[in-house]
Amino acid sequence: MSFAGKPIVKTVLAALILALCLAGTSEARIIQAISQAQSSGQTVTPEVLADIVSEAASSDTSAQDAAEAAAQQSANVQTATEVTRTAVQTTSSIISTRLEAISQPQLPTGAPGQGNEGAPGVPVPSKDNAALPDDSGTMLASAKSSAAAGMSAGQEENGKPGRLGLWGMGTVSWAGNNQSSTSFDGNIYTAMAGVDYRVLDVLTLGAAIGYEGTNIQTWYNEGKTTGDGFTVMPYASLALTPQFIADAAFGMTFSQYHSSWIDESTFLKRSRDYGAFRVMGAANLSYYIPVEAWLFKLTAGTILANENSSYLTGSSATSTSRQDNFFGELAAGGSVKYSFDKIAAKIGATYRYDYALKDADQDRDEVQGLAGIELTPREGVLLDVQATNSFFREHVNNTTLSATLRLEY
């Protein structure tokens, strides 16, 4: 390998190559470029060597920038997925809480703490027990034995549940990730209101509208994401038997987000505004077991959701990229509620498995615990306060506090 120039120039260039290698520039890349230049008959002058070194350094910098950008994009996707998960679980929980209120059997009126011993109950389903098949007497006996197990609602004059229900619910969720490369934390605020009507003794249809506010700090890039979204969600509940209930809900959320962060390659603050459209569906099967003042519930269900984001504007550059955050979950669990007079306490646990998660390194499952209390100050009015928390999911924490006010007519 020969160099054109004086010995002192060669020494300086050798020192330059060494310094660049110590700074992270690939020595092999520089030597390979020099060999290629010589094999082509080109004299490696100081100017040529300087160009080779500069190109190698630029190539290494570009590769490092690309790797950093890919790592940040991966962190962004993971954060967006977790935020979507929390938002979808919260919205689904709000609707499930409402559907439980209109579907669960009431405890026997003669149960401890319930008062009104001997008061007539409300068979579900039926306005007329004669409409039930009684070949074997099974369905009819079930309805009659559920005479003290009406629907959780206001009562009509004939003792049956009120057909019209109005409700409102607010939640705040604290979500976060403590892994350094993807660390974030923040809040998601959700408020929903709805109306439903019992069109048949076994079928209730309803619809809800809601607001969703997002405020997330992304520590891995010194950034922040805020957003506002609006949700429309119809839902339905069907009593397959007096104690076996199916429910389903479908929703659409339209959101606008603003994100800001520090670009690691330039150390400049960047930002962008973008819109997102989320669709989700949820379905559950629940089985209720009333035992005196206790009400046991077993549930299995699924949630499917996809949020599509379109990056529209930015302070540094315009982007038109799109991102899909798909979320799919299977859930199974149970709860137990004890009622005394106008107060009921509830605890429960649900196992959740995310079957749509693409990153194999992320934890797919968790156990979500629940504790709550219900107050019924008067007939047809109910206040429900409950808290949920996620357990056994690596690096992730998620806690939600909710309050619901229901009016039944």
# chains A, B, ... in the order shown; residues from 1 in each chain; ligands from 1
call {"tool": "residues_around", "arguments": {"residues": "Thr400 of chain A", "least_positions_apart": "3", "cutoff": "9 Å", "atoms": "only C-alpha atoms", "output": "mmCIF file with C-alpha atoms, in the first residue's frame"}}
result
data_model
loop_
_atom_site.group_PDB
_atom_site.id
_atom_site.type_symbol
_atom_site.label_atom_id
_atom_site.label_comp_id
_atom_site.auth_asym_id
_atom_site.auth_seq_id
_atom_site.Cartn_x
_atom_site.Cartn_y
_atom_site.Cartn_z
ATOM 1 C CA THR A 90 -61.158 1.042 29.357
ATOM 2 C CA THR A 171 -62.581 6.976 34.256
ATOM 3 C CA VAL A 172 -58.950 7.916 34.642
ATOM 4 C CA SER A 173 -56.241 5.392 33.727
ATOM 5 C CA TRP A 174 -52.580 5.537 34.709
ATOM 6 C CA ALA A 175 -50.399 3.662 32.206
ATOM 7 C CA GLN A 386 -64.420 0.593 41.128
ATOM 8 C CA ALA A 387 -60.672 0.265 40.588
ATOM 9 C CA THR A 388 -58.700 -2.154 38.413
ATOM 10 C CA ASN A 389 -54.992 -2.910 38.312
#
call {"tool": "residues_around", "arguments": {"residues": "Gly165 of chain A", "least_positions_apart": "2", "cutoff": "8 Å", "atoms": "only C-alpha atoms", "output": "JSON, numbers by chain"}}
result
{"A": [153, 162, 163, 167, 195, 196, 197, 406, 407, 408, 409]}
call {"tool": "write_last_selection", "arguments": {"atoms": "C-alpha atoms", "output": "PDB file, in the first residue's frame"}}
result
ATOM      1  CA  ALA A 153     -82.918  -1.682  36.882  1.00  0.00           C
ATOM      2  CA  GLY A 162     -87.679  -0.389  33.812  1.00  0.00           C
ATOM      3  CA  ARG A 163     -87.269  -0.493  30.061  1.00  0.00           C
ATOM      4  CA  TRP A 167     -76.175   6.388  32.444  1.00  0.00           C
ATOM      5  CA  VAL A 195     -79.096   5.339  26.707  1.00  0.00           C
ATOM      6  CA  ASP A 196     -80.581   1.871  26.279  1.00  0.00           C
ATOM      7  CA  TYR A 197     -84.027   0.348  25.944  1.00  0.00           C
ATOM      8  CA  ARG A 406     -77.144   5.092  36.444  1.00  0.00           C
ATOM      9  CA  LEU A 407     -80.772   6.134  36.255  1.00  0.00           C
ATOM     10  CA  GLU A 408     -83.424   3.581  35.349  1.00  0.00           C
ATOM     11  CA  TYR A 409     -87.012   4.297  34.258  1.00  0.00           C
TER      12      TYR A 409
END
call {"tool": "atom_distance", "arguments": {"atom1": "atom CA of Ser310 of chain A", "atom2": "atom CA of Val88 of chain A"}}
result
19.1 Å
call {"tool": "residues_around", "arguments": {"residues": "segment 365-381 of chain A", "least_positions_apart": "6", "cutoff": "9 Å", "atoms": "only C-alpha atoms", "output": "PDB file with C-alpha atoms, in the first residue's frame"}}
result
ATOM      1  CA  SER A 152     -80.877  -4.721  37.815  1.00  0.00           C
ATOM      2  CA  ALA A 153     -82.918  -1.682  36.882  1.00  0.00           C
ATOM      3  CA  GLY A 154     -85.756   0.561  37.989  1.00  0.00           C
ATOM      4  CA  GLN A 155     -89.075  -1.215  38.368  1.00  0.00           C
ATOM      5  CA  GLY A 162     -87.679  -0.389  33.812  1.00  0.00           C
ATOM      6  CA  SER A 335     -66.190 -11.889  40.266  1.00  0.00           C
ATOM      7  CA  LYS A 337     -70.498  -9.487  44.900  1.00  0.00           C
ATOM      8  CA  SER A 339     -75.098  -7.102  48.894  1.00  0.00           C
ATOM      9  CA  ASP A 341     -79.301  -3.297  52.190  1.00  0.00           C
ATOM     10  CA  LYS A 342     -78.322  -0.453  49.811  1.00  0.00           C
ATOM     11  CA  ILE A 343     -74.608  -1.286  49.591  1.00  0.00           C
ATOM     12  CA  ALA A 344     -72.803  -3.981  47.578  1.00  0.00           C
ATOM     13  CA  ALA A 345     -69.085  -4.794  47.521  1.00  0.00           C
ATOM     14  CA  LYS A 346     -67.415  -6.596  44.624  1.00  0.00           C
ATOM     15  CA  ILE A 347     -64.025  -8.148  43.907  1.00  0.00           C
ATOM     16  CA  GLY A 348     -62.832 -10.042  40.836  1.00  0.00           C
ATOM     17  CA  ALA A 349     -59.947 -11.123  38.640  1.00  0.00           C
ATOM     18  CA  THR A 350     -59.576 -11.589  34.879  1.00  0.00           C
ATOM     19  CA  TYR A 351     -56.833 -13.315  32.907  1.00  0.00           C
ATOM     20  CA  ARG A 352     -56.049 -11.473  29.654  1.00  0.00           C
ATOM     21  CA  TYR A 353     -53.985 -12.793  26.741  1.00  0.00           C
ATOM     22  CA  ASP A 354     -52.913 -10.595  23.813  1.00  0.00           C
ATOM     23  CA  TYR A 355     -52.811 -12.914  20.788  1.00  0.00           C
ATOM     24  CA  ALA A 387     -60.672   0.265  40.588  1.00  0.00           C
ATOM     25  CA  THR A 388     -58.700  -2.154  38.413  1.00  0.00           C
ATOM     26  CA  ASN A 389     -54.992  -2.910  38.312  1.00  0.00           C
ATOM     27  CA  SER A 390     -52.836  -5.100  36.054  1.00  0.00           C
ATOM     28  CA  PHE A 391     -50.474  -7.663  37.579  1.00  0.00           C
ATOM     29  CA  PHE A 392     -47.720  -9.999  36.310  1.00  0.00           C
ATOM     30  CA  ARG A 393     -47.039  -8.101  33.059  1.00  0.00           C
ATOM     31  CA  GLU A 394     -43.333  -7.370  32.712  1.00  0.00           C
ATOM     32  CA  LEU A 405     -74.106   6.970  37.768  1.00  0.00           C
ATOM     33  CA  ARG A 406     -77.144   5.092  36.444  1.00  0.00           C
ATOM     34  CA  LEU A 407     -80.772   6.134  36.255  1.00  0.00           C
ATOM     35  CA  GLU A 408     -83.424   3.581  35.349  1.00  0.00           C
ATOM     36  CA  TYR A 409     -87.012   4.297  34.258  1.00  0.00           C
TER      37      TYR A 409
END
call {"tool": "closest_residue", "arguments": {"among": "A:Gly275, A:Pro290, A:Gly334, A:Pro242", "to": "Ser103 of chain A", "atoms": "only C-alpha atoms"}}
result
A:Pro242
call {"tool": "decode", "arguments": {"residues": "segment 93-106 of chain A", "atoms": "all heavy atoms", "output": "PDB file, in the first residue's frame"}}
result
ATOM      1  N   SER A  93     -64.520  -1.917  29.146  1.00  0.00           N
ATOM      2  CA  SER A  93     -64.921  -2.100  30.533  1.00  0.00           C
ATOM      3  C   SER A  93     -66.118  -1.226  30.880  1.00  0.00           C
ATOM      4  O   SER A  93     -67.008  -1.641  31.639  1.00  0.00           O
ATOM      5  CB  SER A  93     -63.742  -1.780  31.457  1.00  0.00           C
ATOM      6  OG  SER A  93     -64.127  -1.855  32.802  1.00  0.00           O
ATOM      7  N   ILE A  94     -66.151  -0.012  30.342  1.00  0.00           N
ATOM      8  CA  ILE A  94     -67.283   0.886  30.605  1.00  0.00           C
ATOM      9  C   ILE A  94     -68.579   0.261  30.101  1.00  0.00           C
ATOM     10  O   ILE A  94     -69.595   0.218  30.813  1.00  0.00           O
ATOM     11  CB  ILE A  94     -67.042   2.253  29.941  1.00  0.00           C
ATOM     12  CG1 ILE A  94     -65.931   3.008  30.673  1.00  0.00           C
ATOM     13  CG2 ILE A  94     -68.325   3.082  29.918  1.00  0.00           C
ATOM     14  CD1 ILE A  94     -65.536   4.309  30.016  1.00  0.00           C
ATOM     15  N   ILE A  95     -68.550  -0.239  28.868  1.00  0.00           N
ATOM     16  CA  ILE A  95     -69.756  -0.845  28.301  1.00  0.00           C
ATOM     17  C   ILE A  95     -70.116  -2.126  29.053  1.00  0.00           C
ATOM     18  O   ILE A  95     -71.286  -2.401  29.323  1.00  0.00           O
ATOM     19  CB  ILE A  95     -69.560  -1.130  26.808  1.00  0.00           C
ATOM     20  CG1 ILE A  95     -69.284   0.185  26.047  1.00  0.00           C
ATOM     21  CG2 ILE A  95     -70.789  -1.811  26.227  1.00  0.00           C
ATOM     22  CD1 ILE A  95     -70.396   1.205  26.166  1.00  0.00           C
ATOM     23  N   SER A  96     -69.105  -2.925  29.418  1.00  0.00           N
ATOM     24  CA  SER A  96     -69.373  -4.167  30.151  1.00  0.00           C
ATOM     25  C   SER A  96     -70.013  -3.881  31.503  1.00  0.00           C
ATOM     26  O   SER A  96     -70.904  -4.614  31.954  1.00  0.00           O
ATOM     27  CB  SER A  96     -68.072  -4.951  30.353  1.00  0.00           C
ATOM     28  OG  SER A  96     -67.570  -5.420  29.124  1.00  0.00           O
ATOM     29  N   THR A  97     -69.556  -2.815  32.164  1.00  0.00           N
ATOM     30  CA  THR A  97     -70.142  -2.449  33.446  1.00  0.00           C
ATOM     31  C   THR A  97     -71.611  -2.098  33.290  1.00  0.00           C
ATOM     32  O   THR A  97     -72.466  -2.492  34.092  1.00  0.00           O
ATOM     33  CB  THR A  97     -69.376  -1.264  34.065  1.00  0.00           C
ATOM     34  OG1 THR A  97     -68.016  -1.642  34.278  1.00  0.00           O
ATOM     35  CG2 THR A  97     -69.987  -0.840  35.389  1.00  0.00           C
ATOM     36  N   ARG A  98     -71.923  -1.363  32.231  1.00  0.00           N
ATOM     37  CA  ARG A  98     -73.318  -1.018  31.983  1.00  0.00           C
ATOM     38  C   ARG A  98     -74.150  -2.256  31.650  1.00  0.00           C
ATOM     39  O   ARG A  98     -75.256  -2.440  32.175  1.00  0.00           O
ATOM     40  CB  ARG A  98     -73.398  -0.009  30.837  1.00  0.00           C
ATOM     41  CG  ARG A  98     -74.812   0.267  30.342  1.00  0.00           C
ATOM     42  CD  ARG A  98     -75.725   0.704  31.474  1.00  0.00           C
ATOM     43  NE  ARG A  98     -77.114   0.793  31.065  1.00  0.00           N
ATOM     44  CZ  ARG A  98     -78.129   0.900  31.910  1.00  0.00           C
ATOM     45  NH1 ARG A  98     -77.916   0.904  33.212  1.00  0.00           N
ATOM     46  NH2 ARG A  98     -79.364   0.976  31.462  1.00  0.00           N
ATOM     47  N   LEU A  99     -73.622  -3.119  30.787  1.00  0.00           N
ATOM     48  CA  LEU A  99     -74.359  -4.317  30.403  1.00  0.00           C
ATOM     49  C   LEU A  99     -74.567  -5.247  31.594  1.00  0.00           C
ATOM     50  O   LEU A  99     -75.609  -5.908  31.705  1.00  0.00           O
ATOM     51  CB  LEU A  99     -73.615  -5.044  29.282  1.00  0.00           C
ATOM     52  CG  LEU A  99     -73.630  -4.328  27.927  1.00  0.00           C
ATOM     53  CD1 LEU A  99     -72.686  -5.005  26.947  1.00  0.00           C
ATOM     54  CD2 LEU A  99     -75.044  -4.296  27.363  1.00  0.00           C
ATOM     55  N   GLU A 100     -73.591  -5.302  32.477  1.00  0.00           N
ATOM     56  CA  GLU A 100     -73.761  -6.116  33.679  1.00  0.00           C
ATOM     57  C   GLU A 100     -74.910  -5.585  34.527  1.00  0.00           C
ATOM     58  O   GLU A 100     -75.707  -6.350  35.089  1.00  0.00           O
ATOM     59  CB  GLU A 100     -72.472  -6.117  34.502  1.00  0.00           C
ATOM     60  CG  GLU A 100     -72.574  -6.892  35.801  1.00  0.00           C
ATOM     61  CD  GLU A 100     -71.263  -6.911  36.564  1.00  0.00           C
ATOM     62  OE1 GLU A 100     -70.203  -6.869  35.916  1.00  0.00           O
ATOM     63  OE2 GLU A 100     -71.312  -6.962  37.805  1.00  0.00           O
ATOM     64  N   ALA A 101     -75.027  -4.262  34.602  1.00  0.00           N
ATOM     65  CA  ALA A 101     -76.074  -3.662  35.426  1.00  0.00           C
ATOM     66  C   ALA A 101     -77.468  -3.988  34.916  1.00  0.00           C
ATOM     67  O   ALA A 101     -78.401  -4.157  35.703  1.00  0.00           O
ATOM     68  CB  ALA A 101     -75.882  -2.146  35.468  1.00  0.00           C
ATOM     69  N   ILE A 102     -77.622  -4.092  33.596  1.00  0.00           N
ATOM     70  CA  ILE A 102     -78.959  -4.350  33.055  1.00  0.00           C
ATOM     71  C   ILE A 102     -79.208  -5.837  32.830  1.00  0.00           C
ATOM     72  O   ILE A 102     -80.325  -6.224  32.483  1.00  0.00           O
ATOM     73  CB  ILE A 102     -79.177  -3.592  31.725  1.00  0.00           C
ATOM     74  CG1 ILE A 102     -78.177  -4.037  30.668  1.00  0.00           C
ATOM     75  CG2 ILE A 102     -79.090  -2.099  31.948  1.00  0.00           C
ATOM     76  CD1 ILE A 102     -78.351  -3.354  29.324  1.00  0.00           C
ATOM     77  N   SER A 103     -78.207  -6.669  33.027  1.00  0.00           N
ATOM     78  CA  SER A 103     -78.353  -8.090  32.715  1.00  0.00           C
ATOM     79  C   SER A 103     -78.309  -8.996  33.934  1.00  0.00           C
ATOM     80  O   SER A 103     -78.892 -10.079  33.920  1.00  0.00           O
ATOM     81  CB  SER A 103     -77.249  -8.538  31.737  1.00  0.00           C
ATOM     82  OG  SER A 103     -77.281  -7.796  30.552  1.00  0.00           O
ATOM     83  N   GLN A 104     -77.593  -8.591  34.979  1.00  0.00           N
ATOM     84  CA  GLN A 104     -77.387  -9.513  36.102  1.00  0.00           C
ATOM     85  C   GLN A 104     -78.683  -9.768  36.866  1.00  0.00           C
ATOM     86  O   GLN A 104     -79.511  -8.872  37.011  1.00  0.00           O
ATOM     87  CB  GLN A 104     -76.333  -8.943  37.044  1.00  0.00           C
ATOM     88  CG  GLN A 104     -76.761  -7.671  37.754  1.00  0.00           C
ATOM     89  CD  GLN A 104     -75.656  -7.105  38.605  1.00  0.00           C
ATOM     90  OE1 GLN A 104     -74.544  -7.616  38.631  1.00  0.00           O
ATOM     91  NE2 GLN A 104     -75.953  -6.038  39.334  1.00  0.00           N
ATOM     92  N   PRO A 105     -78.868 -10.982  37.347  1.00  0.00           N
ATOM     93  CA  PRO A 105     -80.028 -11.256  38.198  1.00  0.00           C
ATOM     94  C   PRO A 105     -79.909 -10.499  39.507  1.00  0.00           C
ATOM     95  O   PRO A 105     -78.817 -10.339  40.044  1.00  0.00           O
ATOM     96  CB  PRO A 105     -79.938 -12.765  38.435  1.00  0.00           C
ATOM     97  CG  PRO A 105     -79.000 -13.290  37.396  1.00  0.00           C
ATOM     98  CD  PRO A 105     -78.049 -12.175  37.103  1.00  0.00           C
ATOM     99  N   GLN A 106     -81.051 -10.017  40.003  1.00  0.00           N
ATOM    100  CA  GLN A 106     -81.058  -9.434  41.328  1.00  0.00           C
ATOM    101  C   GLN A 106     -81.051 -10.548  42.356  1.00  0.00           C
ATOM    102  O   GLN A 106     -81.513 -11.651  42.100  1.00  0.00           O
ATOM    103  CB  GLN A 106     -82.293  -8.555  41.524  1.00  0.00           C
ATOM    104  CG  GLN A 106     -82.233  -7.247  40.754  1.00  0.00           C
ATOM    105  CD  GLN A 106     -83.456  -6.392  41.039  1.00  0.00           C
ATOM    106  OE1 GLN A 106     -84.502  -6.910  41.424  1.00  0.00           O
ATOM    107  NE2 GLN A 106     -83.319  -5.097  40.836  1.00  0.00           N
TER     108      GLN A 106
END
